[in-house]
Structure formats: C-alpha cells, structure tokens
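Single-structure report; data block below.
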Amino acid sequence: MRSAGRIGAIALVAGLLVLLVVHIATAQRGAAVAAAVSAGKKPAAPDFDLDRIGRDDRLKLSSLRGRVVVLNFWASWCQACKDEARTVEAAARRWQRRGVVFLGVDSQDFTSDARAFARRFGLTYESVHDGSGSVMTRYGVTGLPETWTLDRRGRLVDHIPGVTDARRLDRAIERARRS
C-alpha cells in the first residue's frame with residue numbers, strides 16, 4: 001500500500017514538472033514573438049481556436065485572414081483594461097467601415113464576468129475566452145491590457161503593451177493596412 005502511494009506521488013510530481021517545462025518553453029516562444037515585432041519583423045500570429053463570449057460557437061483566428069485584425073487582450077478584473085475599454089470600442093466603431101476586425105481576448109477570467117464587462121462598456125466587437133491564459137502566453141503577453149495588430153496575411157506588425165490611446169491605435173492599424 002505504501003509503495004503504491006509513493007509511486008502515485010512520484011507520478012504526480014513528474015507530471016507537474018512536465019507541465020512546468022512546457023509552460024516555460026511556451027512563455028519563451030511568446031517572448032520571442034514580442035521581441036521579433038519590436039525589432040521590426042513580422043512573424044505569423046499564433047493561431048488559436050477559442051469559444052466566443054456570448055455565443056455558442058468558436059472562432060479560429062486564421063479564419064480572419066484577408067482582413068486587418070486588432071487583438072486586444074483584457075480581463076474583467078483588470079483596472080487598466082477598464083481604463084482603455086471605451087477607447088478600444090470607439091476605435092472599433094471608427095474602423096469597422098474600413099473592414100478592420102477588432103477581437104477581444106478575455107484571459108484568465110470567468111466567462112460570466114467577461115460578459116458583464118462587455119455589457120458595462122458597450123463592447124460591440126467580438127471577444128473570445130482564453131480562460132487558462134494559454135493564448136496570451138503564446139503571444140508573450142506579460143500584463144493586461146496588451147494589443148496586437150495583424151496584417152491581412154496574418155502577420156503581427158505592431159504590439160502595444162499596456163493601455164493604448166486612439167492615436168497610437170490608429171497608427172498601428174495604418175501600419176497593418178500598408179503591410
């Protein structure tokens with residue numbers, strides 16, 4: 001009986017160690033993505049397939065190829081996200097007529113809280129749920145909010161860490177449109 005318990009404990013520790021190694025490797029790849037964009041490179045945006053908030057289906061990022069996409073990582077508990085929510089929503093409305101897609105990525109949050117946040121701030125653009133934060137890790141997100149801009153080919157062309165303003169967001173979108 002004792003050896004079975006020891007074997008189980010060893011297996012648990014080994015499993016946790018594997019998860020830790022995978023998490024560290026993924027975080028390093030995400031940091032490399034952010035560094036590449038900062039250096040002026042245009043790496044492919046890590047694809048994802050996540051549940052839509054407020055709908056019973058999923059959205060795959062690659063399905064938006066052919067359009068400029070603004071990815072805004074946020075969470076309902078994040079004060080800075082609250083501070084920029086109206087700015088991002090105003091930009092989404094301003095750019096919608098020109099075919100720019102805004103997509104919120106709610107990370108490390110409860111879906112019900114995300115729905116309440118979207119209602120409170122009148123978000124009209126779509127958001128998806130990254131409850132575990134695995135997608136934000138693949139993008140190298142180190143704090144919320146963070147905003148990424150993708151060109152029509154699905155390449156990352158701009159990264160805005162922290163709260164953005166209308167002018168900075170417009171410049172990022174223009175860069176993606178020219179790319």
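To be explicit about the labels: the chains of the structure tokens are called A, B, and onward in the order shown, and within each one the residues are counted from 1, while ligands get numbers from 1 in the order they are shown.
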
Can you write out as CSV which residues of stretch 90-143 of chain A fall within 9 Å of stretch 53-69 of chain A, alongside each residue's closest atom pair and its distance in Å to one decimal, counting only C-alpha atoms and ordering rows by chain and ascending residue number?
```
residue,atom,partner,partner_atom,distance
A:Gly99,CA,A:Arg67,CA,6.7
A:Val100,CA,A:Val68,CA,5.1
A:Val101,CA,A:Val69,CA,4.7
A:Phe102,CA,A:Val69,CA,5.8
A:Leu103,CA,A:Val69,CA,7.2
A:Asp106,CA,A:Ile53,CA,8.7
A:Thr111,CA,A:Ile53,CA,6.8
A:Ser112,CA,A:Ile53,CA,8.7
A:Ala114,CA,A:Ile53,CA,7.4
A:Arg115,CA,A:Ile53,CA,6.6
A:Glu126,CA,A:Ile53,CA,7.5
A:Ser127,CA,A:Ile53,CA,5.6
A:Val128,CA,A:Ile53,CA,5.3
A:His129,CA,A:Ile53,CA,6.2
```

>> Residues near stretch 34-41 of chain A, anyone? I mean within 7 Å using only C-alpha atoms, not counting same-chain ones fewer than 2 positions away, as JSON, numbers by chain.
In response: {"A": [30, 31, 32, 43, 139, 140, 156, 157, 158, 159]}

Mind dumping the selected residues with all heavy atoms as an mmCIF file, in the first residue's frame?
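And here is the file that came out, result.cif:
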```cif
data_model
loop_
_atom_site.group_PDB
_atom_site.id
_atom_site.type_symbol
_atom_site.label_atom_id
_atom_site.label_comp_id
_atom_site.auth_asym_id
_atom_site.auth_seq_id
_atom_site.Cartn_x
_atom_site.Cartn_y
_atom_site.Cartn_z
ATOM 1 N N GLY A 30 6.657 32.883 -26.711
ATOM 2 C CA GLY A 30 5.845 34.094 -26.715
ATOM 3 C C GLY A 30 6.694 35.340 -26.589
ATOM 4 O O GLY A 30 6.474 36.331 -27.283
ATOM 5 N N ALA A 31 7.684 35.305 -25.706
ATOM 6 C CA ALA A 31 8.586 36.456 -25.547
ATOM 7 C C ALA A 31 9.360 36.699 -26.835
ATOM 8 O O ALA A 31 9.617 37.852 -27.202
ATOM 9 C CB ALA A 31 9.538 36.218 -24.374
ATOM 10 N N ALA A 32 9.713 35.634 -27.534
ATOM 11 C CA ALA A 32 10.424 35.778 -28.810
ATOM 12 C C ALA A 32 9.540 36.446 -29.856
ATOM 13 O O ALA A 32 10.021 37.240 -30.668
ATOM 14 C CB ALA A 32 10.899 34.410 -29.298
ATOM 15 N N PRO A 43 6.372 38.303 -37.689
ATOM 16 C CA PRO A 43 6.132 36.864 -37.548
ATOM 17 C C PRO A 43 4.645 36.535 -37.708
ATOM 18 O O PRO A 43 3.785 37.392 -37.489
ATOM 19 C CB PRO A 43 6.612 36.564 -36.129
ATOM 20 C CG PRO A 43 6.424 37.847 -35.394
ATOM 21 C CD PRO A 43 6.698 38.934 -36.414
ATOM 22 N N TYR A 139 1.536 34.619 -27.049
ATOM 23 C CA TYR A 139 1.811 35.951 -27.591
ATOM 24 C C TYR A 139 2.827 36.724 -26.748
ATOM 25 O O TYR A 139 3.164 37.848 -27.083
ATOM 26 C CB TYR A 139 0.512 36.765 -27.699
ATOM 27 C CG TYR A 139 -0.265 36.435 -28.948
ATOM 28 C CD1 TYR A 139 -1.054 35.298 -29.026
ATOM 29 C CD2 TYR A 139 -0.193 37.256 -30.068
ATOM 30 C CE1 TYR A 139 -1.756 34.980 -30.178
ATOM 31 C CE2 TYR A 139 -0.896 36.953 -31.220
ATOM 32 C CZ TYR A 139 -1.667 35.812 -31.263
ATOM 33 O OH TYR A 139 -2.357 35.505 -32.399
ATOM 34 N N GLY A 140 3.260 36.133 -25.656
ATOM 35 C CA GLY A 140 4.230 36.814 -24.810
ATOM 36 C C GLY A 140 3.635 37.945 -24.000
ATOM 37 O O GLY A 140 4.351 38.847 -23.569
ATOM 38 N N LEU A 156 1.981 39.518 -37.436
ATOM 39 C CA LEU A 156 1.982 40.538 -36.389
ATOM 40 C C LEU A 156 2.840 41.710 -36.835
ATOM 41 O O LEU A 156 4.010 41.524 -37.181
ATOM 42 C CB LEU A 156 2.546 39.956 -35.091
ATOM 43 C CG LEU A 156 1.719 38.827 -34.485
ATOM 44 C CD1 LEU A 156 2.502 38.110 -33.405
ATOM 45 C CD2 LEU A 156 0.410 39.366 -33.932
ATOM 46 N N VAL A 157 2.252 42.901 -36.855
ATOM 47 C CA VAL A 157 3.013 44.073 -37.303
ATOM 48 C C VAL A 157 3.168 45.134 -36.225
ATOM 49 O O VAL A 157 3.980 46.033 -36.379
ATOM 50 C CB VAL A 157 2.401 44.707 -38.576
ATOM 51 C CG1 VAL A 157 2.445 43.733 -39.732
ATOM 52 C CG2 VAL A 157 0.987 45.182 -38.338
ATOM 53 N N ASP A 158 2.407 45.040 -35.144
ATOM 54 C CA ASP A 158 2.525 46.032 -34.084
ATOM 55 C C ASP A 158 2.095 45.434 -32.761
ATOM 56 O O ASP A 158 1.249 44.532 -32.713
ATOM 57 C CB ASP A 158 1.668 47.262 -34.396
ATOM 58 C CG ASP A 158 2.159 48.494 -33.671
ATOM 59 O OD1 ASP A 158 2.006 48.544 -32.432
ATOM 60 O OD2 ASP A 158 2.703 49.398 -34.314
ATOM 61 N N HIS A 159 2.680 45.952 -31.695
ATOM 62 C CA HIS A 159 2.404 45.493 -30.342
ATOM 63 C C HIS A 159 2.344 46.705 -29.435
ATOM 64 O O HIS A 159 3.266 47.521 -29.423
ATOM 65 C CB HIS A 159 3.528 44.538 -29.904
ATOM 66 C CG HIS A 159 3.425 44.117 -28.482
ATOM 67 N ND1 HIS A 159 4.501 44.117 -27.642
ATOM 68 C CD2 HIS A 159 2.382 43.679 -27.741
ATOM 69 C CE1 HIS A 159 4.135 43.692 -26.454
ATOM 70 N NE2 HIS A 159 2.849 43.419 -26.483
#
```

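Using only C-alpha atoms, the smallest distance between any of A:Leu123, A:Leu50, A:Gln108, A:Thr149 and A:Arg86 comes from A:Leu123.
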
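Taking only stretch 27-136 of chain A, the residues that DSSP calls strand (DSSP E) from the backbone come to Asp49, Leu50, Asp51, Arg52, Arg58, Leu59, Lys60, Val69, Val70, Leu71, Asn72, Phe73, Trp74, Val101, Phe102, Leu103, Gly104, Val105, Asp106, Ser107, Glu126, Ser127, Val128, His129 and Asp130 of chain A.
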
> In stretch 54-112 of chain A, what's alpha helix (DSSP H) per DSSP? Answer as a list in words?
Replying inline: Gln79, Ala80, Cys81, Lys82, Asp83, Glu84, Ala85, Arg86, Thr87, Val88, Glu89, Ala90, Ala91, Ala92, Arg93, Arg94, Trp95, Gln96, Thr111 and Ser112 of chain A

> Counting only C-alpha atoms, which of A:Val70, A:Leu150, A:Ala166, A:Ala85 gets nearest to A:Phe117?
Replying inline: A:Ala85

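Here atom CA of A:Val33 is placed at a distance of 17.9 Å from atom CA of A:Arg152.
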
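Atom to atom, atom CA of A:Pro145 and atom CA of A:Gln96 stand 21.1 Å apart.
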
>> For A:Arg168, find every residue with an atom within 12 Å (counting only C-alpha atoms), except residues of its own chain fewer than 2 positions away, and show them as a ChimeraX atom specification.
In response: /A:87-88,91,147-149,158-166,170-175

Put those residues in a file: all heavy atoms, as a compact mmCIF listing (two decimals), in the first residue's frame.
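For reference, result09.txt as written:
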```txt
# COMPACT_ATOMS: atom_id res chain seq x y z
N THR A 87 -11.92 53.51 -25.23
CA THR A 87 -11.02 53.91 -26.33
C THR A 87 -10.99 52.83 -27.40
O THR A 87 -11.07 53.14 -28.60
CB THR A 87 -9.59 54.16 -25.78
OG1 THR A 87 -9.64 55.22 -24.84
CG2 THR A 87 -8.63 54.50 -26.90
N VAL A 88 -10.86 51.58 -26.98
CA VAL A 88 -10.81 50.47 -27.95
C VAL A 88 -12.16 50.33 -28.65
O VAL A 88 -12.21 50.15 -29.88
CB VAL A 88 -10.38 49.15 -27.26
CG1 VAL A 88 -10.44 47.98 -28.23
CG2 VAL A 88 -8.96 49.30 -26.68
N ALA A 91 -12.50 53.03 -31.28
CA ALA A 91 -11.68 52.71 -32.45
C ALA A 91 -12.33 51.61 -33.28
O ALA A 91 -12.32 51.67 -34.51
CB ALA A 91 -10.28 52.29 -32.01
N THR A 147 -2.22 44.96 -26.76
CA THR A 147 -2.89 44.98 -28.06
C THR A 147 -1.90 44.64 -29.15
O THR A 147 -0.79 45.16 -29.19
CB THR A 147 -3.51 46.37 -28.31
OG1 THR A 147 -4.39 46.69 -27.23
CG2 THR A 147 -4.29 46.39 -29.62
N TRP A 148 -2.31 43.76 -30.05
CA TRP A 148 -1.52 43.35 -31.21
C TRP A 148 -2.29 43.69 -32.47
O TRP A 148 -3.52 43.61 -32.49
CB TRP A 148 -1.31 41.83 -31.18
CG TRP A 148 -0.46 41.37 -30.06
CD1 TRP A 148 -0.86 41.06 -28.79
CD2 TRP A 148 0.95 41.15 -30.09
NE1 TRP A 148 0.21 40.67 -28.05
CE2 TRP A 148 1.34 40.72 -28.81
CE3 TRP A 148 1.91 41.30 -31.09
CZ2 TRP A 148 2.65 40.41 -28.51
CZ3 TRP A 148 3.23 40.99 -30.78
CH2 TRP A 148 3.59 40.55 -29.50
N THR A 149 -1.58 44.04 -33.53
CA THR A 149 -2.21 44.32 -34.81
C THR A 149 -1.65 43.36 -35.85
O THR A 149 -0.43 43.18 -35.94
CB THR A 149 -1.94 45.77 -35.25
OG1 THR A 149 -2.28 46.63 -34.16
CG2 THR A 149 -2.82 46.14 -36.42
N ASP A 158 2.41 45.04 -35.14
CA ASP A 158 2.53 46.03 -34.08
C ASP A 158 2.10 45.43 -32.76
O ASP A 158 1.25 44.53 -32.71
CB ASP A 158 1.67 47.26 -34.40
CG ASP A 158 2.16 48.49 -33.67
OD1 ASP A 158 2.01 48.54 -32.43
OD2 ASP A 158 2.70 49.40 -34.31
N HIS A 159 2.68 45.95 -31.70
CA HIS A 159 2.40 45.49 -30.34
C HIS A 159 2.34 46.70 -29.43
O HIS A 159 3.27 47.52 -29.42
CB HIS A 159 3.53 44.54 -29.90
CG HIS A 159 3.42 44.12 -28.48
ND1 HIS A 159 4.50 44.12 -27.64
CD2 HIS A 159 2.38 43.68 -27.74
CE1 HIS A 159 4.14 43.69 -26.45
NE2 HIS A 159 2.85 43.42 -26.48
N ILE A 160 1.26 46.83 -28.69
CA ILE A 160 1.09 47.93 -27.75
C ILE A 160 0.94 47.33 -26.36
O ILE A 160 -0.14 46.85 -25.99
CB ILE A 160 -0.14 48.79 -28.09
CG1 ILE A 160 -0.09 49.30 -29.53
CG2 ILE A 160 -0.26 49.95 -27.10
CD1 ILE A 160 -1.37 49.94 -30.02
N PRO A 161 2.01 47.33 -25.56
CA PRO A 161 1.88 46.85 -24.19
C PRO A 161 1.23 47.91 -23.32
O PRO A 161 1.53 49.10 -23.46
CB PRO A 161 3.33 46.58 -23.77
CG PRO A 161 4.16 47.45 -24.65
CD PRO A 161 3.38 47.68 -25.91
N GLY A 162 0.33 47.53 -22.48
CA GLY A 162 -0.32 48.48 -21.58
C GLY A 162 -1.49 49.20 -22.24
O GLY A 162 -1.93 48.85 -23.33
N VAL A 163 -1.97 50.22 -21.55
CA VAL A 163 -3.13 50.99 -22.02
C VAL A 163 -2.75 51.75 -23.29
O VAL A 163 -1.70 52.37 -23.37
CB VAL A 163 -3.59 51.97 -20.92
CG1 VAL A 163 -4.73 52.85 -21.43
CG2 VAL A 163 -4.01 51.21 -19.67
N THR A 164 -3.62 51.69 -24.27
CA THR A 164 -3.39 52.42 -25.52
C THR A 164 -4.27 53.66 -25.57
O THR A 164 -5.19 53.83 -24.78
CB THR A 164 -3.65 51.52 -26.74
OG1 THR A 164 -3.18 52.18 -27.91
CG2 THR A 164 -5.13 51.18 -26.91
N ASP A 165 -3.96 54.53 -26.53
CA ASP A 165 -4.81 55.69 -26.79
C ASP A 165 -5.20 55.67 -28.27
O ASP A 165 -4.66 54.89 -29.05
CB ASP A 165 -4.11 57.00 -26.40
CG ASP A 165 -2.82 57.24 -27.15
OD1 ASP A 165 -2.81 57.16 -28.39
OD2 ASP A 165 -1.80 57.51 -26.50
N ALA A 166 -6.12 56.51 -28.65
CA ALA A 166 -6.66 56.50 -30.00
C ALA A 166 -5.58 56.71 -31.06
O ALA A 166 -5.55 56.02 -32.08
CB ALA A 166 -7.77 57.54 -30.14
N ASP A 170 -4.57 54.00 -33.90
CA ASP A 170 -4.75 54.35 -35.31
C ASP A 170 -3.45 54.14 -36.10
O ASP A 170 -3.47 53.64 -37.22
CB ASP A 170 -5.23 55.79 -35.47
CG ASP A 170 -6.69 55.97 -35.06
OD1 ASP A 170 -7.40 54.96 -34.87
OD2 ASP A 170 -7.11 57.13 -34.92
N ARG A 171 -2.31 54.53 -35.51
CA ARG A 171 -1.01 54.34 -36.19
C ARG A 171 -0.73 52.85 -36.39
O ARG A 171 -0.24 52.45 -37.45
CB ARG A 171 0.12 54.98 -35.38
CG ARG A 171 0.21 56.47 -35.55
CD ARG A 171 1.53 57.04 -35.05
NE ARG A 171 1.98 56.51 -33.78
CZ ARG A 171 1.87 57.12 -32.60
NH1 ARG A 171 1.31 58.31 -32.53
NH2 ARG A 171 2.33 56.56 -31.50
N ALA A 172 -1.05 52.04 -35.42
CA ALA A 172 -0.82 50.59 -35.53
C ALA A 172 -1.70 50.00 -36.64
O ALA A 172 -1.23 49.16 -37.43
CB ALA A 172 -1.12 49.91 -34.19
N ILE A 173 -2.92 50.44 -36.72
CA ILE A 173 -3.84 49.94 -37.76
C ILE A 173 -3.36 50.38 -39.14
O ILE A 173 -3.36 49.58 -40.08
CB ILE A 173 -5.29 50.40 -37.47
CG1 ILE A 173 -5.80 49.72 -36.19
CG2 ILE A 173 -6.19 50.09 -38.66
CD1 ILE A 173 -7.07 50.32 -35.65
N GLU A 174 -2.95 51.62 -39.27
CA GLU A 174 -2.44 52.10 -40.56
C GLU A 174 -1.22 51.30 -40.99
O GLU A 174 -1.07 50.95 -42.18
CB GLU A 174 -2.10 53.59 -40.49
CG GLU A 174 -3.31 54.50 -40.48
CD GLU A 174 -4.14 54.44 -41.76
OE1 GLU A 174 -3.70 53.88 -42.79
OE2 GLU A 174 -5.27 54.96 -41.72
N ARG A 175 -0.33 50.97 -40.06
CA ARG A 175 0.85 50.16 -40.37
C ARG A 175 0.42 48.79 -40.89
O ARG A 175 0.96 48.28 -41.87
CB ARG A 175 1.74 50.02 -39.13
CG ARG A 175 3.02 49.29 -39.39
CD ARG A 175 3.95 49.25 -38.18
NE ARG A 175 4.31 50.59 -37.79
CZ ARG A 175 4.08 51.14 -36.58
NH1 ARG A 175 3.49 50.43 -35.66
NH2 ARG A 175 4.44 52.37 -36.33
```
